[in-house]
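Have a look at target-v3.pdb below; it lists PDB, C-alpha atoms and all ligand atoms.
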ATOM      1  CA  MET K   1     -21.080  28.375   1.332  1.00  0.00           C
ATOM      2  CA  ARG K   2     -19.949  29.798  -1.940  1.00  0.00           C
ATOM      3  CA  LYS K   3     -20.566  27.731  -4.990  1.00  0.00           C
ATOM      4  CA  GLY K   4     -18.222  24.871  -5.678  1.00  0.00           C
ATOM      5  CA  THR K   5     -15.872  25.804  -2.892  1.00  0.00           C
ATOM      6  CA  HIS K   6     -16.132  22.813  -0.618  1.00  0.00           C
ATOM      7  CA  VAL K   7     -12.642  21.555  -1.449  1.00  0.00           C
ATOM      8  CA  ARG K   8     -11.263  25.092  -1.424  1.00  0.00           C
ATOM      9  CA  THR K   9     -13.078  25.743   1.857  1.00  0.00           C
ATOM     10  CA  ARG K  10     -11.397  22.708   3.360  1.00  0.00           C
ATOM     11  CA  LYS K  11      -7.972  23.931   2.322  1.00  0.00           C
ATOM     12  CA  MET K  12      -8.828  27.376   3.603  1.00  0.00           C
ATOM     13  CA  SER K  13      -9.997  25.876   6.889  1.00  0.00           C
ATOM     14  CA  ILE K  14      -6.592  24.315   7.411  1.00  0.00           C
ATOM     15  CA  LEU K  15      -4.929  27.627   6.567  1.00  0.00           C
ATOM     16  CA  VAL K  16      -7.266  29.539   8.866  1.00  0.00           C
ATOM     17  CA  SER K  17      -6.645  27.004  11.636  1.00  0.00           C
ATOM     18  CA  LEU K  18      -2.902  27.525  11.337  1.00  0.00           C
ATOM     19  CA  LEU K  19      -3.332  31.287  11.265  1.00  0.00           C
ATOM     20  CA  CYS K  20      -5.586  31.089  14.303  1.00  0.00           C
ATOM     21  CA  ILE K  21      -3.044  29.109  16.260  1.00  0.00           C
ATOM     22  CA  LEU K  22      -0.386  31.624  15.244  1.00  0.00           C
ATOM     23  CA  GLY K  23      -2.729  34.491  16.095  1.00  0.00           C
ATOM     24  CA  LEU K  24      -3.474  33.114  19.531  1.00  0.00           C
ATOM     25  CA  VAL K  25       0.212  32.636  20.230  1.00  0.00           C
ATOM     26  CA  VAL K  26       1.206  36.077  18.950  1.00  0.00           C
ATOM     27  CA  THR K  27      -1.647  38.175  20.310  1.00  0.00           C
ATOM     28  CA  GLY K  28      -2.049  36.290  23.554  1.00  0.00           C
ATOM     29  CA  VAL K  29      -5.372  35.880  25.234  1.00  0.00           C
ATOM     30  CA  SER K  30      -7.252  39.139  24.793  1.00  0.00           C
ATOM     31  CA  MET K  31     -10.426  37.156  24.618  1.00  0.00           C
ATOM     32  CA  ARG K  32     -13.779  38.823  24.570  1.00  0.00           C
ATOM     33  CA  SER K  33     -15.950  36.730  26.760  1.00  0.00           C
ATOM     34  CA  VAL K  34     -19.386  35.982  25.387  1.00  0.00           C
ATOM     35  CA  LYS K  35     -20.364  33.699  28.207  1.00  0.00           C
ATOM     36  CA  THR K  36     -23.285  34.913  30.234  1.00  0.00           C
ATOM     37  CA  ALA K  37     -22.979  34.895  34.000  1.00  0.00           C
ATOM     38  CA  ALA K  38     -25.680  32.325  34.457  1.00  0.00           C
ATOM     39  CA  LYS K  39     -27.118  29.812  32.104  1.00  0.00           C
ATOM     40  CA  SER K  40     -30.824  29.635  31.433  1.00  0.00           C
ATOM     41  CA  ALA K  41     -33.327  27.748  33.534  1.00  0.00           C
ATOM     42  CA  GLN K  42     -32.808  24.889  31.147  1.00  0.00           C
ATOM     43  CA  GLY K  43     -29.096  25.297  31.544  1.00  0.00           C
ATOM     44  CA  PHE K  44     -28.416  24.819  27.883  1.00  0.00           C
ATOM     45  CA  CYS K  45     -26.308  27.302  25.932  1.00  0.00           C
ATOM     46  CA  ILE K  46     -26.427  27.560  22.150  1.00  0.00           C
ATOM     47  CA  VAL K  47     -24.139  29.634  19.945  1.00  0.00           C
ATOM     48  CA  LEU K  48     -25.728  30.736  16.679  1.00  0.00           C
ATOM     49  CA  ASP K  49     -23.229  31.816  14.051  1.00  0.00           C
ATOM     50  CA  ALA K  50     -24.554  33.801  11.087  1.00  0.00           C
ATOM     51  CA  GLY K  51     -22.109  33.031   8.303  1.00  0.00           C
ATOM     52  CA  HIS K  52     -20.233  35.762   6.384  1.00  0.00           C
ATOM     53  CA  GLY K  53     -21.040  39.512   6.730  1.00  0.00           C
ATOM     54  CA  GLY K  54     -19.417  42.848   5.931  1.00  0.00           C
ATOM     55  CA  PHE K  55     -16.780  42.517   3.196  1.00  0.00           C
ATOM     56  CA  ASP K  56     -17.827  38.893   2.695  1.00  0.00           C
ATOM     57  CA  PRO K  57     -21.373  38.577   1.283  1.00  0.00           C
ATOM     58  CA  GLY K  58     -21.143  34.789   0.931  1.00  0.00           C
ATOM     59  CA  ALA K  59     -22.977  33.137  -1.941  1.00  0.00           C
ATOM     60  CA  ILE K  60     -24.956  35.395  -4.285  1.00  0.00           C
ATOM     61  CA  GLY K  61     -28.068  34.204  -6.129  1.00  0.00           C
ATOM     62  CA  PRO K  62     -29.010  34.808  -9.773  1.00  0.00           C
ATOM     63  CA  GLY K  63     -31.304  37.626  -8.604  1.00  0.00           C
ATOM     64  CA  GLY K  64     -28.482  39.272  -6.654  1.00  0.00           C
ATOM     65  CA  VAL K  65     -29.562  38.088  -3.212  1.00  0.00           C
ATOM     66  CA  CYS K  66     -26.592  37.785  -0.847  1.00  0.00           C
ATOM     67  CA  GLU K  67     -26.257  35.020   1.686  1.00  0.00           C
ATOM     68  CA  ASP K  68     -24.973  37.076   4.617  1.00  0.00           C
ATOM     69  CA  GLY K  69     -28.134  39.118   5.298  1.00  0.00           C
ATOM     70  CA  ILE K  70     -30.429  36.109   5.138  1.00  0.00           C
ATOM     71  CA  ASN K  71     -28.174  34.097   7.443  1.00  0.00           C
ATOM     72  CA  LEU K  72     -28.425  36.894  10.017  1.00  0.00           C
ATOM     73  CA  ALA K  73     -32.206  37.235   9.654  1.00  0.00           C
ATOM     74  CA  ILE K  74     -32.717  33.503  10.262  1.00  0.00           C
ATOM     75  CA  VAL K  75     -30.306  33.508  13.202  1.00  0.00           C
ATOM     76  CA  LYS K  76     -32.112  36.444  14.840  1.00  0.00           C
ATOM     77  CA  GLU K  77     -35.487  34.717  14.438  1.00  0.00           C
ATOM     78  CA  ALA K  78     -34.081  31.501  15.903  1.00  0.00           C
ATOM     79  CA  GLN K  79     -32.510  33.427  18.778  1.00  0.00           C
ATOM     80  CA  VAL K  80     -35.879  34.839  19.853  1.00  0.00           C
ATOM     81  CA  LEU K  81     -37.625  31.487  19.578  1.00  0.00           C
ATOM     82  CA  LEU K  82     -34.913  29.670  21.535  1.00  0.00           C
ATOM     83  CA  GLN K  83     -34.819  32.333  24.246  1.00  0.00           C
ATOM     84  CA  GLU K  84     -38.605  32.069  24.611  1.00  0.00           C
ATOM     85  CA  ARG K  85     -38.055  28.385  25.348  1.00  0.00           C
ATOM     86  CA  GLY K  86     -35.505  29.208  28.032  1.00  0.00           C
ATOM     87  CA  TYR K  87     -32.264  28.538  26.187  1.00  0.00           C
ATOM     88  CA  THR K  88     -29.270  30.778  26.594  1.00  0.00           C
ATOM     89  CA  VAL K  89     -28.394  31.989  23.109  1.00  0.00           C
ATOM     90  CA  LEU K  90     -25.247  33.758  22.030  1.00  0.00           C
ATOM     91  CA  LEU K  91     -24.624  35.188  18.579  1.00  0.00           C
ATOM     92  CA  THR K  92     -21.197  35.513  17.027  1.00  0.00           C
ATOM     93  CA  ARG K  93     -22.320  38.181  14.564  1.00  0.00           C
ATOM     94  CA  GLN K  94     -24.955  40.634  15.847  1.00  0.00           C
ATOM     95  CA  ASP K  95     -25.267  42.859  12.777  1.00  0.00           C
ATOM     96  CA  ALA K  96     -24.326  43.183   9.107  1.00  0.00           C
ATOM     97  CA  ASP K  97     -20.640  43.726   9.857  1.00  0.00           C
ATOM     98  CA  ALA K  98     -17.928  41.094   9.736  1.00  0.00           C
ATOM     99  CA  LEU K  99     -16.007  40.384  12.937  1.00  0.00           C
ATOM    100  CA  GLY K 100     -12.657  41.254  11.409  1.00  0.00           C
ATOM    101  CA  GLN K 101     -10.988  43.075   8.554  1.00  0.00           C
ATOM    102  CA  THR K 102     -10.005  39.881   6.774  1.00  0.00           C
ATOM    103  CA  LYS K 103     -11.509  36.423   6.430  1.00  0.00           C
ATOM    104  CA  GLN K 104      -8.795  35.058   8.692  1.00  0.00           C
ATOM    105  CA  SER K 105      -9.388  37.558  11.501  1.00  0.00           C
ATOM    106  CA  ASP K 106     -13.161  37.205  11.108  1.00  0.00           C
ATOM    107  CA  MET K 107     -12.951  33.434  11.550  1.00  0.00           C
ATOM    108  CA  GLN K 108     -10.498  33.820  14.409  1.00  0.00           C
ATOM    109  CA  GLN K 109     -12.967  36.068  16.259  1.00  0.00           C
ATOM    110  CA  ARG K 110     -15.769  33.578  15.719  1.00  0.00           C
ATOM    111  CA  ARG K 111     -13.585  30.795  17.032  1.00  0.00           C
ATOM    112  CA  ARG K 112     -12.671  32.779  20.134  1.00  0.00           C
ATOM    113  CA  MET K 113     -16.308  33.603  20.864  1.00  0.00           C
ATOM    114  CA  ILE K 114     -17.385  29.987  20.466  1.00  0.00           C
ATOM    115  CA  MET K 115     -14.490  28.768  22.641  1.00  0.00           C
ATOM    116  CA  ASP K 116     -15.229  31.342  25.339  1.00  0.00           C
ATOM    117  CA  SER K 117     -18.943  30.613  25.397  1.00  0.00           C
ATOM    118  CA  GLY K 118     -18.631  27.131  26.880  1.00  0.00           C
ATOM    119  CA  CYS K 119     -21.678  26.343  24.772  1.00  0.00           C
ATOM    120  CA  ASP K 120     -23.519  23.031  24.649  1.00  0.00           C
ATOM    121  CA  LEU K 121     -24.327  23.320  20.931  1.00  0.00           C
ATOM    122  CA  MET K 122     -23.007  25.423  18.042  1.00  0.00           C
ATOM    123  CA  ILE K 123     -24.977  26.051  14.878  1.00  0.00           C
ATOM    124  CA  SER K 124     -23.520  27.989  11.961  1.00  0.00           C
ATOM    125  CA  VAL K 125     -26.201  29.205   9.548  1.00  0.00           C
ATOM    126  CA  HIS K 126     -25.441  29.485   5.826  1.00  0.00           C
ATOM    127  CA  LEU K 127     -27.039  29.304   2.393  1.00  0.00           C
ATOM    128  CA  ASN K 128     -25.812  26.857  -0.202  1.00  0.00           C
ATOM    129  CA  ALA K 129     -24.895  27.409  -3.847  1.00  0.00           C
ATOM    130  CA  ASN K 130     -24.131  25.094  -6.724  1.00  0.00           C
ATOM    131  CA  ALA K 131     -23.281  25.406 -10.430  1.00  0.00           C
ATOM    132  CA  ASP K 132     -26.275  23.137 -11.021  1.00  0.00           C
ATOM    133  CA  ALA K 133     -29.098  25.670 -10.630  1.00  0.00           C
ATOM    134  CA  SER K 134     -31.643  22.902 -10.060  1.00  0.00           C
ATOM    135  CA  CYS K 135     -30.130  22.037  -6.645  1.00  0.00           C
ATOM    136  CA  ARG K 136     -32.394  23.038  -3.784  1.00  0.00           C
ATOM    137  CA  GLY K 137     -33.320  22.127  -0.229  1.00  0.00           C
ATOM    138  CA  PRO K 138     -31.622  22.465   3.142  1.00  0.00           C
ATOM    139  CA  VAL K 139     -28.558  20.420   4.088  1.00  0.00           C
ATOM    140  CA  VAL K 140     -27.173  19.959   7.598  1.00  0.00           C
ATOM    141  CA  LEU K 141     -23.454  19.255   7.963  1.00  0.00           C
ATOM    142  CA  TYR K 142     -21.711  17.836  11.004  1.00  0.00           C
ATOM    143  CA  ARG K 143     -18.198  17.257  12.257  1.00  0.00           C
ATOM    144  CA  THR K 144     -16.629  14.122  10.825  1.00  0.00           C
ATOM    145  CA  GLY K 145     -16.471  11.292  13.309  1.00  0.00           C
ATOM    146  CA  ASP K 146     -18.651  12.972  15.943  1.00  0.00           C
ATOM    147  CA  GLU K 147     -21.623  10.724  16.637  1.00  0.00           C
ATOM    148  CA  VAL K 148     -23.514  13.237  18.793  1.00  0.00           C
ATOM    149  CA  SER K 149     -23.185  15.918  16.114  1.00  0.00           C
ATOM    150  CA  ARG K 150     -24.302  13.388  13.489  1.00  0.00           C
ATOM    151  CA  GLU K 151     -27.365  12.553  15.544  1.00  0.00           C
ATOM    152  CA  ALA K 152     -28.254  16.229  15.959  1.00  0.00           C
ATOM    153  CA  ALA K 153     -27.670  16.851  12.249  1.00  0.00           C
ATOM    154  CA  GLN K 154     -30.117  14.076  11.362  1.00  0.00           C
ATOM    155  CA  ILE K 155     -32.771  15.452  13.715  1.00  0.00           C
ATOM    156  CA  LEU K 156     -32.427  18.985  12.321  1.00  0.00           C
ATOM    157  CA  GLN K 157     -32.356  17.711   8.727  1.00  0.00           C
ATOM    158  CA  ASP K 158     -35.594  15.782   9.326  1.00  0.00           C
ATOM    159  CA  ALA K 159     -37.240  18.805  10.975  1.00  0.00           C
ATOM    160  CA  LEU K 160     -36.307  21.083   8.056  1.00  0.00           C
ATOM    161  CA  ASN K 161     -37.297  18.549   5.373  1.00  0.00           C
ATOM    162  CA  GLU K 162     -40.657  17.847   6.994  1.00  0.00           C
ATOM    163  CA  GLY K 163     -41.502  21.318   8.227  1.00  0.00           C
ATOM    164  CA  LEU K 164     -40.572  23.094   5.008  1.00  0.00           C
ATOM    165  CA  LYS K 165     -42.233  20.346   2.926  1.00  0.00           C
ATOM    166  CA  ILE K 166     -39.122  19.790   0.817  1.00  0.00           C
ATOM    167  CA  GLU K 167     -40.065  17.832  -2.315  1.00  0.00           C
ATOM    168  CA  LYS K 168     -36.703  16.143  -2.799  1.00  0.00           C
ATOM    169  CA  PRO K 169     -35.210  15.921   0.689  1.00  0.00           C
ATOM    170  CA  ARG K 170     -31.447  16.030   0.936  1.00  0.00           C
ATOM    171  CA  ILE K 171     -29.382  14.056   3.401  1.00  0.00           C
ATOM    172  CA  ILE K 172     -26.908  15.141   6.049  1.00  0.00           C
ATOM    173  CA  GLN K 173     -23.264  15.546   5.099  1.00  0.00           C
ATOM    174  CA  THR K 174     -20.018  15.467   6.989  1.00  0.00           C
ATOM    175  CA  GLY K 175     -16.804  17.350   6.468  1.00  0.00           C
ATOM    176  CA  GLU K 176     -13.773  19.056   7.926  1.00  0.00           C
ATOM    177  CA  TYR K 177     -14.830  22.667   8.365  1.00  0.00           C
ATOM    178  CA  PHE K 178     -13.086  25.211  10.531  1.00  0.00           C
ATOM    179  CA  ILE K 179     -16.285  26.351  12.256  1.00  0.00           C
ATOM    180  CA  LEU K 180     -17.072  22.748  13.276  1.00  0.00           C
ATOM    181  CA  ARG K 181     -13.761  22.503  15.120  1.00  0.00           C
ATOM    182  CA  CYS K 182     -14.102  25.477  17.474  1.00  0.00           C
ATOM    183  CA  THR K 183     -15.648  23.559  20.379  1.00  0.00           C
ATOM    184  CA  GLU K 184     -16.010  19.980  21.519  1.00  0.00           C
ATOM    185  CA  ALA K 185     -19.747  20.579  21.871  1.00  0.00           C
ATOM    186  CA  PRO K 186     -21.944  19.250  19.045  1.00  0.00           C
ATOM    187  CA  SER K 187     -21.401  21.534  16.081  1.00  0.00           C
ATOM    188  CA  LEU K 188     -23.469  21.867  12.923  1.00  0.00           C
ATOM    189  CA  ILE K 189     -23.573  23.902   9.748  1.00  0.00           C
ATOM    190  CA  VAL K 190     -27.135  24.426   8.541  1.00  0.00           C
ATOM    191  CA  GLU K 191     -27.288  25.311   4.856  1.00  0.00           C
ATOM    192  CA  CYS K 192     -30.862  26.578   4.784  1.00  0.00           C
ATOM    193  CA  GLY K 193     -31.305  26.250   1.028  1.00  0.00           C
ATOM    194  CA  PHE K 194     -29.661  26.988  -2.327  1.00  0.00           C
ATOM    195  CA  VAL K 195     -29.503  30.674  -3.159  1.00  0.00           C
ATOM    196  CA  SER K 196     -28.296  29.568  -6.625  1.00  0.00           C
ATOM    197  CA  ASN K 197     -31.765  28.198  -7.337  1.00  0.00           C
ATOM    198  CA  ALA K 198     -34.014  31.062  -8.466  1.00  0.00           C
ATOM    199  CA  GLN K 199     -37.149  29.756  -6.746  1.00  0.00           C
ATOM    200  CA  GLU K 200     -35.350  29.043  -3.514  1.00  0.00           C
ATOM    201  CA  GLU K 201     -33.559  32.398  -3.701  1.00  0.00           C
ATOM    202  CA  ALA K 202     -36.990  34.061  -3.774  1.00  0.00           C
ATOM    203  CA  LEU K 203     -38.267  31.884  -0.928  1.00  0.00           C
ATOM    204  CA  LEU K 204     -35.225  32.532   1.254  1.00  0.00           C
ATOM    205  CA  SER K 205     -35.631  36.277   0.702  1.00  0.00           C
ATOM    206  CA  ASP K 206     -39.181  36.123   2.075  1.00  0.00           C
ATOM    207  CA  PRO K 207     -39.311  37.014   5.795  1.00  0.00           C
ATOM    208  CA  GLU K 208     -42.175  34.546   6.288  1.00  0.00           C
ATOM    209  CA  TYR K 209     -40.060  31.701   4.907  1.00  0.00           C
ATOM    210  CA  GLN K 210     -37.113  32.847   7.033  1.00  0.00           C
ATOM    211  CA  THR K 211     -39.397  32.546  10.070  1.00  0.00           C
ATOM    212  CA  GLN K 212     -40.452  29.051   8.996  1.00  0.00           C
ATOM    213  CA  VAL K 213     -36.819  28.003   8.593  1.00  0.00           C
ATOM    214  CA  ALA K 214     -36.041  29.369  12.066  1.00  0.00           C
ATOM    215  CA  GLN K 215     -39.073  27.579  13.537  1.00  0.00           C
ATOM    216  CA  GLU K 216     -38.044  24.215  12.075  1.00  0.00           C
ATOM    217  CA  LEU K 217     -34.462  24.724  13.141  1.00  0.00           C
ATOM    218  CA  VAL K 218     -35.647  25.401  16.693  1.00  0.00           C
ATOM    219  CA  ARG K 219     -37.998  22.399  16.571  1.00  0.00           C
ATOM    220  CA  GLY K 220     -34.995  20.267  15.635  1.00  0.00           C
ATOM    221  CA  VAL K 221     -32.870  21.710  18.435  1.00  0.00           C
ATOM    222  CA  ASP K 222     -35.664  21.024  20.953  1.00  0.00           C
ATOM    223  CA  SER K 223     -35.930  17.409  19.779  1.00  0.00           C
ATOM    224  CA  ALA K 224     -32.191  16.854  19.993  1.00  0.00           C
ATOM    225  CA  VAL K 225     -31.909  18.383  23.463  1.00  0.00           C
ATOM    226  CA  ARG K 226     -34.899  16.355  24.674  1.00  0.00           C
ATOM    227  CA  LEU K 227     -33.232  13.177  23.399  1.00  0.00           C
ATOM    228  CA  TRP K 228     -29.968  14.015  25.131  1.00  0.00           C
ATOM    229  CA  ARG K 229     -31.764  14.836  28.363  1.00  0.00           C
ATOM    230  CA  GLU K 230     -33.753  11.600  28.258  1.00  0.00           C
ATOM    231  CA  ARG K 231     -30.469   9.776  28.256  1.00  0.00           C
ATOM    232  CA  ALA K 232     -29.634  11.671  31.446  1.00  0.00           C
ATOM    233  CA  ARG K 233     -26.547  13.284  30.022  1.00  0.00           C
ATOM    234  CA  PRO K 234     -25.735  16.368  32.085  1.00  0.00           C
ATOM    235  CA  THR K 235     -24.634  17.980  28.822  1.00  0.00           C
ATOM    236  CA  PRO K 236     -23.721  16.457  25.486  1.00  0.00           C
ATOM    237  CA  ARG K 237     -20.191  17.755  25.975  1.00  0.00           C
ATOM    238  CA  ASN K 238     -19.701  15.381  28.872  1.00  0.00           C
ATOM    239  CA  ARG K 239     -20.310  12.312  26.760  1.00  0.00           C
TER     240      ARG K 239
HETATM  241 ZN    ZN K 301     -21.813  30.390   3.532  1.00  0.00          ZN
END
Please render this file's structure as structure tokens.
Ligand SMILES: [Zn+2]
Amino acid sequence: MRKGTHVRTRKMSILVSLLCILGLVVTGVSMRSVKTAAKSAQGFCIVLDAGHGGFDPGAIGPGGVCEDGINLAIVKEAQVLLQERGYTVLLTRQDADALGQTKQSDMQQRRRMIMDSGCDLMISVHLNANADASCRGPVVLYRTGDEVSREAAQILQDALNEGLKIEKPRIIQTGEYFILRCTEAPSLIVECGFVSNAQEEALLSDPEYQTQVAQELVRGVDSAVRLWRERARPTPRNR
């Protein structure tokens, strides 16, 4: 997320939601289906959403590193790792381009893709930023009031904190974000680190660190799915 925009983001989310509803009514259902014909052997479908792109670079670090490219790199790494494990993985954004000409149309496209996917889990990947340049470490956000998303957020937060050996681990957060309201499936925003912190900006720019982030993210997903399966839930959506 951009620095200091959490409140603004919330207001924007409401605006985008309204615009989306309007857009769906006006344009009708010209939906581009992203659902694959058959789910994986494990029968578990994950949408990975690389935040920002194109006209919207997202947060920018003191060294000029933009969030959007790193989000995509981490998502692509995670996609490969998840597919190797047998998950069905769908990406909202496949390349550096945005999905629309404006922020509103971009978010509307993402929402449509997530809705169409019938996914079992949605993870939106971002980098954080704060006016306090000392802030660092990953933060996982979940949909307010959703216990299954909260549980998954905690598992992913623990995996990232432990696996990346974060000195001052952060805790999960909740909030009303547009991207967390696109499906009833568990939905998370993973802020992989603070691009506003010079050291973390350098780390996040390193392909090896991006791979580590993706590995820990996938480890967290595996743990969450295993937990849900042990409880004999057909899918978390059917809770
Ligand atoms: Zn962002």
Env. residues ligand ZN 301 (chain K) / 12 Å / all atoms listed in the file / as a count of residues only | 40
Which of K:Glu176, K:Glu162, K:Glu84, K:Asp206 sits closest to K:Leu141 [using all atoms listed in the file] = K:Glu176
If the PyMOL selection byres (((chain K and resi 90) around 6) and not hetatm) is run on the structure shown, which residues does it catch, given as a list in words?
->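 Against this file, the PyMOL selection byres (((chain K and resi 90) around 6) and not hetatm) returns the residues Val47, Val89 and Leu91 of chain K.
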Identify all residues satisfying the PyMOL selection byres (((chain K and resi 86) around 12) and not hetatm) in the given file; provide them as a ChimeraX atom specification.
-> /K:39-46,79-85,87-89,218,222
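Closest approach to K:Gly63 from the set K:Ala202, K:Thr211, K:Val221, K:Lys165 is made by K:Ala202, with distances taken over only C-alpha atoms.
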Can you turn the PyMOL selection byres (((chain K and resi 121) around 6) and not hetatm) into a concrete residue list for this file, as a list in words?
->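 Applying the expression gives Ile46, Cys119, Asp120, Met122, Ala185, Pro186 and Ser187 of chain K.
A straight line drawn from atom CA of K:Gly163 to atom CA of K:Ala214 is 10.5 Å long.
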Non-local contacts of K:Ser149 (12 Å; only C-alpha atoms; under 6 positions in same chain excluded) as a ChimeraX atom specification | /K:120-123,140-143,155-157,172-175,180-181,183-189,221,224-225,228,236-237,239
Centre and edge lengths of an axis-aligned box around all listed atoms of stretch 159-177 of chain K, with 6 Å added on each side, are to be given in Å to one decimal, as lines of an AutoDock Vina configuration file.
center_x = -28.0
center_y = 18.6
center_z = 4.1
size_x = 40.5
size_y = 21.0
size_z = 25.8
